[in-house]
$ cat start-v1.cif   # mmCIF, N, CA and C atoms
data_coords
#
loop_
_atom_site.group_PDB
_atom_site.id
_atom_site.type_symbol
_atom_site.label_atom_id
_atom_site.label_comp_id
_atom_site.auth_asym_id
_atom_site.auth_seq_id
_atom_site.Cartn_x
_atom_site.Cartn_y
_atom_site.Cartn_z
ATOM 1 N N MET I 12 88.337 44.709 53.915
ATOM 2 C CA MET I 12 89.767 44.929 54.063
ATOM 3 C C MET I 12 90.044 46.045 55.072
ATOM 4 N N GLU I 13 89.167 47.016 55.078
ATOM 5 C CA GLU I 13 89.333 48.131 56.016
ATOM 6 C C GLU I 13 89.203 47.658 57.466
ATOM 7 N N GLN I 14 88.328 46.689 57.686
ATOM 8 C CA GLN I 14 88.154 46.151 59.031
ATOM 9 C C GLN I 14 89.430 45.441 59.496
ATOM 10 N N ALA I 15 90.060 44.716 58.605
ATOM 11 C CA ALA I 15 91.315 44.039 58.957
ATOM 12 C C ALA I 15 92.392 45.067 59.300
ATOM 13 N N ARG I 16 92.442 46.176 58.579
ATOM 14 C CA ARG I 16 93.426 47.232 58.849
ATOM 15 C C ARG I 16 93.174 47.847 60.218
ATOM 16 N N GLN I 17 91.913 48.043 60.577
ATOM 17 C CA GLN I 17 91.588 48.617 61.883
ATOM 18 C C GLN I 17 91.990 47.672 63.016
ATOM 19 N N ILE I 18 91.762 46.375 62.829
ATOM 20 C CA ILE I 18 92.145 45.400 63.841
ATOM 21 C C ILE I 18 93.660 45.370 63.987
ATOM 22 N N HIS I 19 94.363 45.377 62.854
ATOM 23 C CA HIS I 19 95.832 45.398 62.877
ATOM 24 C C HIS I 19 96.328 46.622 63.629
ATOM 25 N N ASP I 20 95.801 47.783 63.303
ATOM 26 C CA ASP I 20 96.253 49.021 63.937
ATOM 27 C C ASP I 20 95.982 49.031 65.433
ATOM 28 N N ARG I 21 94.843 48.481 65.839
ATOM 29 C CA ARG I 21 94.501 48.461 67.260
ATOM 30 C C ARG I 21 95.481 47.574 68.033
ATOM 31 N N TYR I 22 95.736 46.371 67.527
ATOM 32 C CA TYR I 22 96.668 45.467 68.216
ATOM 33 C C TYR I 22 98.109 45.964 68.121
ATOM 34 N N TYR I 23 98.454 46.607 67.025
ATOM 35 C CA TYR I 23 99.789 47.172 66.873
ATOM 36 C C TYR I 23 100.039 48.242 67.936
ATOM 37 N N GLU I 24 99.056 49.112 68.158
ATOM 38 C CA GLU I 24 99.193 50.164 69.171
ATOM 39 C C GLU I 24 99.326 49.576 70.574
ATOM 40 N N ILE I 25 98.556 48.537 70.865
ATOM 41 C CA ILE I 25 98.632 47.907 72.187
ATOM 42 C C ILE I 25 100.017 47.291 72.398
ATOM 43 N N ALA I 26 100.493 46.538 71.410
ATOM 44 C CA ALA I 26 101.808 45.895 71.525
ATOM 45 C C ALA I 26 102.915 46.941 71.602
ATOM 46 N N ASP I 27 102.808 48.005 70.823
ATOM 47 C CA ASP I 27 103.824 49.054 70.836
ATOM 48 C C ASP I 27 103.868 49.750 72.192
ATOM 49 N N LYS I 28 102.709 49.953 72.790
ATOM 50 C CA LYS I 28 102.653 50.589 74.115
ATOM 51 C C LYS I 28 103.340 49.718 75.165
ATOM 52 N N HIS I 29 103.096 48.405 75.128
ATOM 53 C CA HIS I 29 103.707 47.503 76.105
ATOM 54 C C HIS I 29 105.201 47.332 75.851
ATOM 55 N N LEU I 30 105.604 47.294 74.589
ATOM 56 C CA LEU I 30 107.022 47.118 74.270
ATOM 57 C C LEU I 30 107.835 48.383 74.520
ATOM 58 N N SER I 31 107.184 49.522 74.687
ATOM 59 C CA SER I 31 107.904 50.759 74.975
ATOM 60 C C SER I 31 108.590 50.710 76.330
ATOM 61 N N ASN I 32 108.124 49.828 77.204
ATOM 62 C CA ASN I 32 108.728 49.679 78.529
ATOM 63 C C ASN I 32 109.911 48.715 78.532
ATOM 64 N N VAL I 33 110.185 48.080 77.402
ATOM 65 C CA VAL I 33 111.259 47.089 77.308
ATOM 66 C C VAL I 33 112.458 47.732 76.624
ATOM 67 N N GLY I 34 113.545 47.858 77.369
ATOM 68 C CA GLY I 34 114.732 48.526 76.847
ATOM 69 C C GLY I 34 115.320 47.842 75.627
ATOM 70 N N LEU I 35 115.343 46.515 75.619
ATOM 71 C CA LEU I 35 115.901 45.775 74.491
ATOM 72 C C LEU I 35 115.103 46.034 73.215
ATOM 73 N N ALA I 36 113.790 46.127 73.333
ATOM 74 C CA ALA I 36 112.953 46.393 72.158
ATOM 75 C C ALA I 36 113.226 47.794 71.611
ATOM 76 N N ASN I 37 113.387 48.761 72.486
ATOM 77 C CA ASN I 37 113.687 50.122 72.031
ATOM 78 C C ASN I 37 115.051 50.197 71.368
ATOM 79 N N THR I 38 116.026 49.494 71.914
ATOM 80 C CA THR I 38 117.364 49.466 71.317
ATOM 81 C C THR I 38 117.321 48.788 69.953
ATOM 82 N N PHE I 39 116.569 47.686 69.856
ATOM 83 C CA PHE I 39 116.422 46.988 68.577
ATOM 84 C C PHE I 39 115.857 47.914 67.516
ATOM 85 N N GLN I 40 114.813 48.656 67.865
ATOM 86 C CA GLN I 40 114.185 49.560 66.899
ATOM 87 C C GLN I 40 115.131 50.692 66.509
ATOM 88 N N ALA I 41 115.865 51.228 67.458
ATOM 89 C CA ALA I 41 116.778 52.330 67.165
ATOM 90 C C ALA I 41 117.927 51.894 66.259
ATOM 91 N N LYS I 42 118.446 50.686 66.482
ATOM 92 C CA LYS I 42 119.604 50.232 65.708
ATOM 93 C C LYS I 42 119.235 49.699 64.330
ATOM 94 N N THR I 43 118.068 49.053 64.211
ATOM 95 C CA THR I 43 117.715 48.426 62.935
ATOM 96 C C THR I 43 116.731 49.234 62.104
ATOM 97 N N GLY I 44 115.942 50.058 62.738
ATOM 98 C CA GLY I 44 114.914 50.792 62.013
ATOM 99 C C GLY I 44 113.646 49.976 61.797
ATOM 100 N N VAL I 45 113.652 48.730 62.254
ATOM 101 C CA VAL I 45 112.478 47.863 62.165
ATOM 102 C C VAL I 45 111.611 48.119 63.393
ATOM 103 N N PRO I 46 110.304 48.310 63.209
ATOM 104 C CA PRO I 46 109.451 48.542 64.379
ATOM 105 C C PRO I 46 109.578 47.409 65.394
ATOM 106 N N LYS I 47 109.601 47.776 66.668
ATOM 107 C CA LYS I 47 109.802 46.792 67.738
ATOM 108 C C LYS I 47 108.696 45.753 67.779
ATOM 109 N N VAL I 48 107.507 46.105 67.340
ATOM 110 C CA VAL I 48 106.404 45.143 67.323
ATOM 111 C C VAL I 48 106.713 44.020 66.340
ATOM 112 N N TYR I 49 107.226 44.372 65.171
ATOM 113 C CA TYR I 49 107.557 43.361 64.174
ATOM 114 C C TYR I 49 108.764 42.531 64.613
ATOM 115 N N GLY I 50 109.708 43.136 65.312
ATOM 116 C CA GLY I 50 110.843 42.392 65.842
ATOM 117 C C GLY I 50 110.403 41.363 66.869
ATOM 118 N N ALA I 51 109.510 41.767 67.770
ATOM 119 C CA ALA I 51 109.004 40.838 68.788
ATOM 120 C C ALA I 51 108.182 39.726 68.147
ATOM 121 N N LEU I 52 107.396 40.067 67.152
ATOM 122 C CA LEU I 52 106.596 39.068 66.452
ATOM 123 C C LEU I 52 107.492 38.076 65.711
ATOM 124 N N GLY I 53 108.539 38.576 65.077
ATOM 125 C CA GLY I 53 109.466 37.700 64.369
ATOM 126 C C GLY I 53 110.232 36.791 65.313
ATOM 127 N N ALA I 54 110.681 37.331 66.442
ATOM 128 C CA ALA I 54 111.400 36.519 67.430
ATOM 129 C C ALA I 54 110.482 35.446 68.009
ATOM 130 N N SER I 55 109.247 35.808 68.285
ATOM 131 C CA SER I 55 108.285 34.828 68.814
ATOM 132 C C SER I 55 108.001 33.738 67.793
ATOM 133 N N ALA I 56 107.819 34.125 66.541
ATOM 134 C CA ALA I 56 107.557 33.144 65.486
ATOM 135 C C ALA I 56 108.749 32.211 65.310
ATOM 136 N N LEU I 57 109.955 32.744 65.425
ATOM 137 C CA LEU I 57 111.156 31.923 65.301
ATOM 138 C C LEU I 57 111.228 30.882 66.416
ATOM 139 N N VAL I 58 110.999 31.305 67.640
ATOM 140 C CA VAL I 58 111.059 30.376 68.776
ATOM 141 C C VAL I 58 109.961 29.321 68.669
ATOM 142 N N VAL I 59 108.744 29.724 68.335
ATOM 143 C CA VAL I 59 107.642 28.768 68.216
ATOM 144 C C VAL I 59 107.918 27.767 67.098
ATOM 145 N N SER I 60 108.410 28.229 65.958
ATOM 146 C CA SER I 60 108.687 27.309 64.859
ATOM 147 C C SER I 60 109.846 26.374 65.195
ATOM 148 N N MET I 61 110.839 26.871 65.943
ATOM 149 C CA MET I 61 111.949 26.004 66.336
ATOM 150 C C MET I 61 111.477 24.896 67.271
ATOM 151 N N VAL I 62 110.569 25.202 68.172
ATOM 152 C CA VAL I 62 110.030 24.177 69.060
ATOM 153 C C VAL I 62 109.095 23.247 68.282
ATOM 154 N N PHE I 63 108.266 23.805 67.418
ATOM 155 C CA PHE I 63 107.295 23.002 66.664
ATOM 156 C C PHE I 63 107.987 22.008 65.737
ATOM 157 N N PHE I 64 109.025 22.459 65.047
ATOM 158 C CA PHE I 64 109.733 21.588 64.113
ATOM 159 C C PHE I 64 110.898 20.844 64.768
ATOM 160 N N ASN I 65 111.012 20.935 66.077
ATOM 161 C CA ASN I 65 112.008 20.231 66.876
ATOM 162 C C ASN I 65 113.442 20.599 66.471
ATOM 163 N N ILE I 66 113.633 21.864 66.139
ATOM 164 C CA ILE I 66 114.968 22.373 65.850
ATOM 165 C C ILE I 66 115.430 23.076 67.126
ATOM 166 N N ALA I 67 116.352 22.509 67.808
ATOM 167 C CA ALA I 67 116.876 23.054 69.059
ATOM 168 C C ALA I 67 115.804 23.165 70.137
ATOM 169 N N ALA I 68 114.764 22.341 70.026
ATOM 170 C CA ALA I 68 113.688 22.382 71.022
ATOM 171 C C ALA I 68 114.188 22.051 72.425
ATOM 172 N N PRO I 69 115.002 21.008 72.594
ATOM 173 C CA PRO I 69 115.474 20.725 73.955
ATOM 174 C C PRO I 69 116.252 21.897 74.556
ATOM 175 N N LEU I 70 117.062 22.552 73.747
ATOM 176 C CA LEU I 70 117.824 23.698 74.238
ATOM 177 C C LEU I 70 116.895 24.830 74.665
ATOM 178 N N LEU I 71 115.920 25.161 73.825
ATOM 179 C CA LEU I 71 115.012 26.261 74.143
ATOM 180 C C LEU I 71 114.159 25.951 75.370
ATOM 181 N N VAL I 72 113.666 24.730 75.464
ATOM 182 C CA VAL I 72 112.818 24.363 76.600
ATOM 183 C C VAL I 72 113.629 24.348 77.889
ATOM 184 N N ASN I 73 114.837 23.818 77.833
ATOM 185 C CA ASN I 73 115.679 23.807 79.034
ATOM 186 C C ASN I 73 116.085 25.219 79.441
ATOM 187 N N LEU I 74 116.384 26.073 78.469
ATOM 188 C CA LEU I 74 116.705 27.461 78.804
ATOM 189 C C LEU I 74 115.530 28.153 79.471
ATOM 190 N N ALA I 75 114.335 27.907 78.961
ATOM 191 C CA ALA I 75 113.152 28.524 79.567
ATOM 192 C C ALA I 75 112.922 27.968 80.968
ATOM 193 N N GLY I 76 113.031 26.666 81.133
ATOM 194 C CA GLY I 76 112.775 26.059 82.438
ATOM 195 C C GLY I 76 113.820 26.415 83.473
ATOM 196 N N PHE I 77 115.077 26.250 83.140
ATOM 197 C CA PHE I 77 116.143 26.557 84.091
ATOM 198 C C PHE I 77 116.379 28.059 84.208
ATOM 199 N N GLY I 78 116.212 28.765 83.119
ATOM 200 C CA GLY I 78 116.431 30.211 83.135
ATOM 201 C C GLY I 78 115.447 30.931 84.035
ATOM 202 N N TYR I 79 114.160 30.577 83.931
ATOM 203 C CA TYR I 79 113.173 31.223 84.789
ATOM 204 C C TYR I 79 113.381 30.850 86.250
ATOM 205 N N ALA I 80 113.690 29.591 86.500
ATOM 206 C CA ALA I 80 113.914 29.160 87.884
ATOM 207 C C ALA I 80 115.109 29.890 88.485
ATOM 208 N N THR I 81 116.161 30.064 87.706
ATOM 209 C CA THR I 81 117.335 30.793 88.191
ATOM 210 C C THR I 81 116.988 32.246 88.463
ATOM 211 N N TYR I 82 116.263 32.859 87.546
ATOM 212 C CA TYR I 82 115.853 34.260 87.712
ATOM 213 C C TYR I 82 114.986 34.432 88.961
ATOM 214 N N ALA I 83 113.999 33.558 89.133
ATOM 215 C CA ALA I 83 113.115 33.655 90.295
ATOM 216 C C ALA I 83 113.872 33.385 91.595
ATOM 217 N N THR I 84 114.818 32.467 91.568
ATOM 218 C CA THR I 84 115.616 32.175 92.761
ATOM 219 C C THR I 84 116.466 33.374 93.150
ATOM 220 N N MET I 85 117.091 34.004 92.185
ATOM 221 C CA MET I 85 117.917 35.179 92.486
ATOM 222 C C MET I 85 117.054 36.317 93.032
ATOM 223 N N ASN I 86 115.877 36.512 92.471
ATOM 224 C CA ASN I 86 114.973 37.543 93.000
ATOM 225 C C ASN I 86 114.535 37.201 94.418
ATOM 226 N N ALA I 87 114.300 35.924 94.693
ATOM 227 C CA ALA I 87 113.880 35.509 96.036
ATOM 228 C C ALA I 87 114.994 35.750 97.044
ATOM 229 N N ILE I 88 116.227 35.474 96.655
ATOM 230 C CA ILE I 88 117.350 35.681 97.568
ATOM 231 C C ILE I 88 117.544 37.161 97.864
ATOM 232 N N GLU I 89 117.370 37.999 96.861
ATOM 233 C CA GLU I 89 117.592 39.433 97.038
ATOM 234 C C GLU I 89 116.428 40.155 97.699
ATOM 235 N N SER I 90 115.262 39.528 97.777
ATOM 236 C CA SER I 90 114.111 40.180 98.405
ATOM 237 C C SER I 90 114.254 40.152 99.921
ATOM 238 N N PRO I 91 113.651 41.129 100.620
ATOM 239 C CA PRO I 91 113.789 41.177 102.073
ATOM 240 C C PRO I 91 113.001 40.089 102.802
ATOM 241 N N GLY I 92 111.900 39.586 102.210
ATOM 242 C CA GLY I 92 111.075 38.577 102.879
ATOM 243 C C GLY I 92 111.678 37.191 102.778
ATOM 244 N N LYS I 93 111.265 36.312 103.677
ATOM 245 C CA LYS I 93 111.785 34.945 103.705
ATOM 246 C C LYS I 93 110.811 33.926 103.112
ATOM 247 N N GLU I 94 109.561 34.332 102.852
ATOM 248 C CA GLU I 94 108.556 33.385 102.377
ATOM 249 C C GLU I 94 108.926 32.820 101.008
ATOM 250 N N ASP I 95 109.355 33.674 100.099
ATOM 251 C CA ASP I 95 109.679 33.213 98.758
ATOM 252 C C ASP I 95 111.017 32.476 98.714
ATOM 253 N N ASP I 96 111.891 32.728 99.685
ATOM 254 C CA ASP I 96 113.184 32.029 99.719
ATOM 255 C C ASP I 96 112.984 30.518 99.838
ATOM 256 N N ALA I 97 112.119 30.126 100.745
ATOM 257 C CA ALA I 97 111.899 28.687 100.977
ATOM 258 C C ALA I 97 111.339 28.028 99.718
ATOM 259 N N GLN I 98 110.427 28.691 99.031
ATOM 260 C CA GLN I 98 109.827 28.109 97.831
ATOM 261 C C GLN I 98 110.866 27.929 96.735
ATOM 262 N N TRP I 99 111.620 28.972 96.416
ATOM 263 C CA TRP I 99 112.519 28.890 95.271
ATOM 264 C C TRP I 99 113.822 28.172 95.593
ATOM 265 N N LEU I 100 114.285 28.205 96.818
ATOM 266 C CA LEU I 100 115.504 27.465 97.138
ATOM 267 C C LEU I 100 115.232 25.970 97.257
ATOM 268 N N THR I 101 113.998 25.603 97.580
ATOM 269 C CA THR I 101 113.610 24.192 97.589
ATOM 270 C C THR I 101 113.481 23.687 96.171
ATOM 271 N N TYR I 102 112.982 24.530 95.272
ATOM 272 C CA TYR I 102 112.815 24.149 93.874
ATOM 273 C C TYR I 102 114.160 23.844 93.278
#

$ encode --input "start-v1.cif" --output "structure tokens"
Amino acid sequence: MEQARQIHDRYYEIADKHLSNVGLANTFQAKTGVPKVYGALGASALVVSMVFFNIAAPLLVNLAGFGYATYATMNAIESPGKEDDAQWLTY
């Protein structure tokens, strides 16, 4: 059991370190008092279960597909180089 606790603590520290750079995660922890690692894990589990059980799966998949493409296109337009513009504006 002690080994499982050590593994949990090690991965918890890694996730907490990475989530410290995410403003939304810090705001979530400050407002709710729930550790940001558990919030991210719960949100991920919710999305995965919604796709797995086909509850709003088309909505989530389309948001991910179109949302990322829109985000990447806007970044390409705002960047000074022209190489990425052709790729994302063609997409």

$ select_by_dssp --input "start-v1.cif" --residues "chain I" --states "helix (DSSP H, G or I)" --output "JSON, numbers by chain"
{"I": [13, 14, 15, 16, 17, 18, 19, 20, 21, 22, 23, 24, 25, 26, 27, 28, 29, 30, 34, 35, 36, 37, 38, 39, 40, 41, 42, 43, 47, 48, 49, 50, 51, 52, 53, 54, 55, 56, 57, 58, 59, 60, 61, 62, 63, 68, 69, 70, 71, 72, 73, 74, 75, 76, 77, 78, 79, 80, 81, 82, 83, 84, 85, 86, 87, 88, 89, 94, 95, 96, 97, 98, 99, 100, 101]}

$ atom_distance --input "start-v1.cif" --atom1 "atom C of I:Pro69" --atom2 "atom N of I:Ala54"
18.3 Å

$ atom_distance --input "start-v1.cif" --atom1 "atom CA of I:Gln98" --atom2 "atom CA of I:Thr84"
8.7 Å

$ atom_distance --input "start-v1.cif" --atom1 "atom CA of I:Ala51" --atom2 "atom C of I:Ala26"
9.1 Å

$ build_atoms --input "start-v1.cif" --residues "stretch 64-89 of chain I" --atoms "N, CA, C and O atoms" --output "compact mmCIF listing (two decimals), keeping the file's coordinate frame"
# COMPACT_ATOMS: atom_id res chain seq x y z
N PHE I 64 109.02 22.46 65.05
CA PHE I 64 109.73 21.59 64.11
C PHE I 64 110.90 20.84 64.77
O PHE I 64 111.69 20.21 64.08
N ASN I 65 111.01 20.94 66.08
CA ASN I 65 112.01 20.23 66.88
C ASN I 65 113.44 20.60 66.47
O ASN I 65 114.33 19.75 66.46
N ILE I 66 113.63 21.86 66.14
CA ILE I 66 114.97 22.37 65.85
C ILE I 66 115.43 23.08 67.13
O ILE I 66 114.92 24.12 67.49
N ALA I 67 116.35 22.51 67.81
CA ALA I 67 116.88 23.05 69.06
C ALA I 67 115.80 23.16 70.14
O ALA I 67 115.91 23.98 71.04
N ALA I 68 114.76 22.34 70.03
CA ALA I 68 113.69 22.38 71.02
C ALA I 68 114.19 22.05 72.42
O ALA I 68 113.83 22.75 73.38
N PRO I 69 115.00 21.01 72.59
CA PRO I 69 115.47 20.72 73.96
C PRO I 69 116.25 21.90 74.56
O PRO I 69 116.09 22.21 75.73
N LEU I 70 117.06 22.55 73.75
CA LEU I 70 117.82 23.70 74.24
C LEU I 70 116.90 24.83 74.67
O LEU I 70 117.05 25.39 75.76
N LEU I 71 115.92 25.16 73.82
CA LEU I 71 115.01 26.26 74.14
C LEU I 71 114.16 25.95 75.37
O LEU I 71 113.96 26.81 76.23
N VAL I 72 113.67 24.73 75.46
CA VAL I 72 112.82 24.36 76.60
C VAL I 72 113.63 24.35 77.89
O VAL I 72 113.17 24.83 78.93
N ASN I 73 114.84 23.82 77.83
CA ASN I 73 115.68 23.81 79.03
C ASN I 73 116.08 25.22 79.44
O ASN I 73 116.13 25.53 80.63
N LEU I 74 116.38 26.07 78.47
CA LEU I 74 116.70 27.46 78.80
C LEU I 74 115.53 28.15 79.47
O LEU I 74 115.70 28.89 80.44
N ALA I 75 114.34 27.91 78.96
CA ALA I 75 113.15 28.52 79.57
C ALA I 75 112.92 27.97 80.97
O ALA I 75 112.66 28.73 81.91
N GLY I 76 113.03 26.67 81.13
CA GLY I 76 112.78 26.06 82.44
C GLY I 76 113.82 26.42 83.47
O GLY I 76 113.50 26.86 84.57
N PHE I 77 115.08 26.25 83.14
CA PHE I 77 116.14 26.56 84.09
C PHE I 77 116.38 28.06 84.21
O PHE I 77 116.71 28.56 85.27
N GLY I 78 116.21 28.76 83.12
CA GLY I 78 116.43 30.21 83.14
C GLY I 78 115.45 30.93 84.04
O GLY I 78 115.84 31.78 84.84
N TYR I 79 114.16 30.58 83.93
CA TYR I 79 113.17 31.22 84.79
C TYR I 79 113.38 30.85 86.25
O TYR I 79 113.26 31.70 87.14
N ALA I 80 113.69 29.59 86.50
CA ALA I 80 113.91 29.16 87.88
C ALA I 80 115.11 29.89 88.48
O ALA I 80 115.07 30.32 89.64
N THR I 81 116.16 30.06 87.71
CA THR I 81 117.34 30.79 88.19
C THR I 81 116.99 32.25 88.46
O THR I 81 117.37 32.81 89.49
N TYR I 82 116.26 32.86 87.55
CA TYR I 82 115.85 34.26 87.71
C TYR I 82 114.99 34.43 88.96
O TYR I 82 115.21 35.33 89.78
N ALA I 83 114.00 33.56 89.13
CA ALA I 83 113.12 33.66 90.30
C ALA I 83 113.87 33.38 91.60
O ALA I 83 113.61 34.02 92.62
N THR I 84 114.82 32.47 91.57
CA THR I 84 115.62 32.17 92.76
C THR I 84 116.47 33.37 93.15
O THR I 84 116.55 33.73 94.33
N MET I 85 117.09 34.00 92.18
CA MET I 85 117.92 35.18 92.49
C MET I 85 117.05 36.32 93.03
O MET I 85 117.46 37.01 93.97
N ASN I 86 115.88 36.51 92.47
CA ASN I 86 114.97 37.54 93.00
C ASN I 86 114.54 37.20 94.42
O ASN I 86 114.40 38.09 95.26
N ALA I 87 114.30 35.92 94.69
CA ALA I 87 113.88 35.51 96.04
C ALA I 87 114.99 35.75 97.04
O ALA I 87 114.74 36.19 98.17
N ILE I 88 116.23 35.47 96.66
CA ILE I 88 117.35 35.68 97.57
C ILE I 88 117.54 37.16 97.86
O ILE I 88 117.82 37.55 99.00
N GLU I 89 117.37 38.00 96.86
CA GLU I 89 117.59 39.43 97.04
C GLU I 89 116.43 40.16 97.70
O GLU I 89 116.59 41.28 98.15
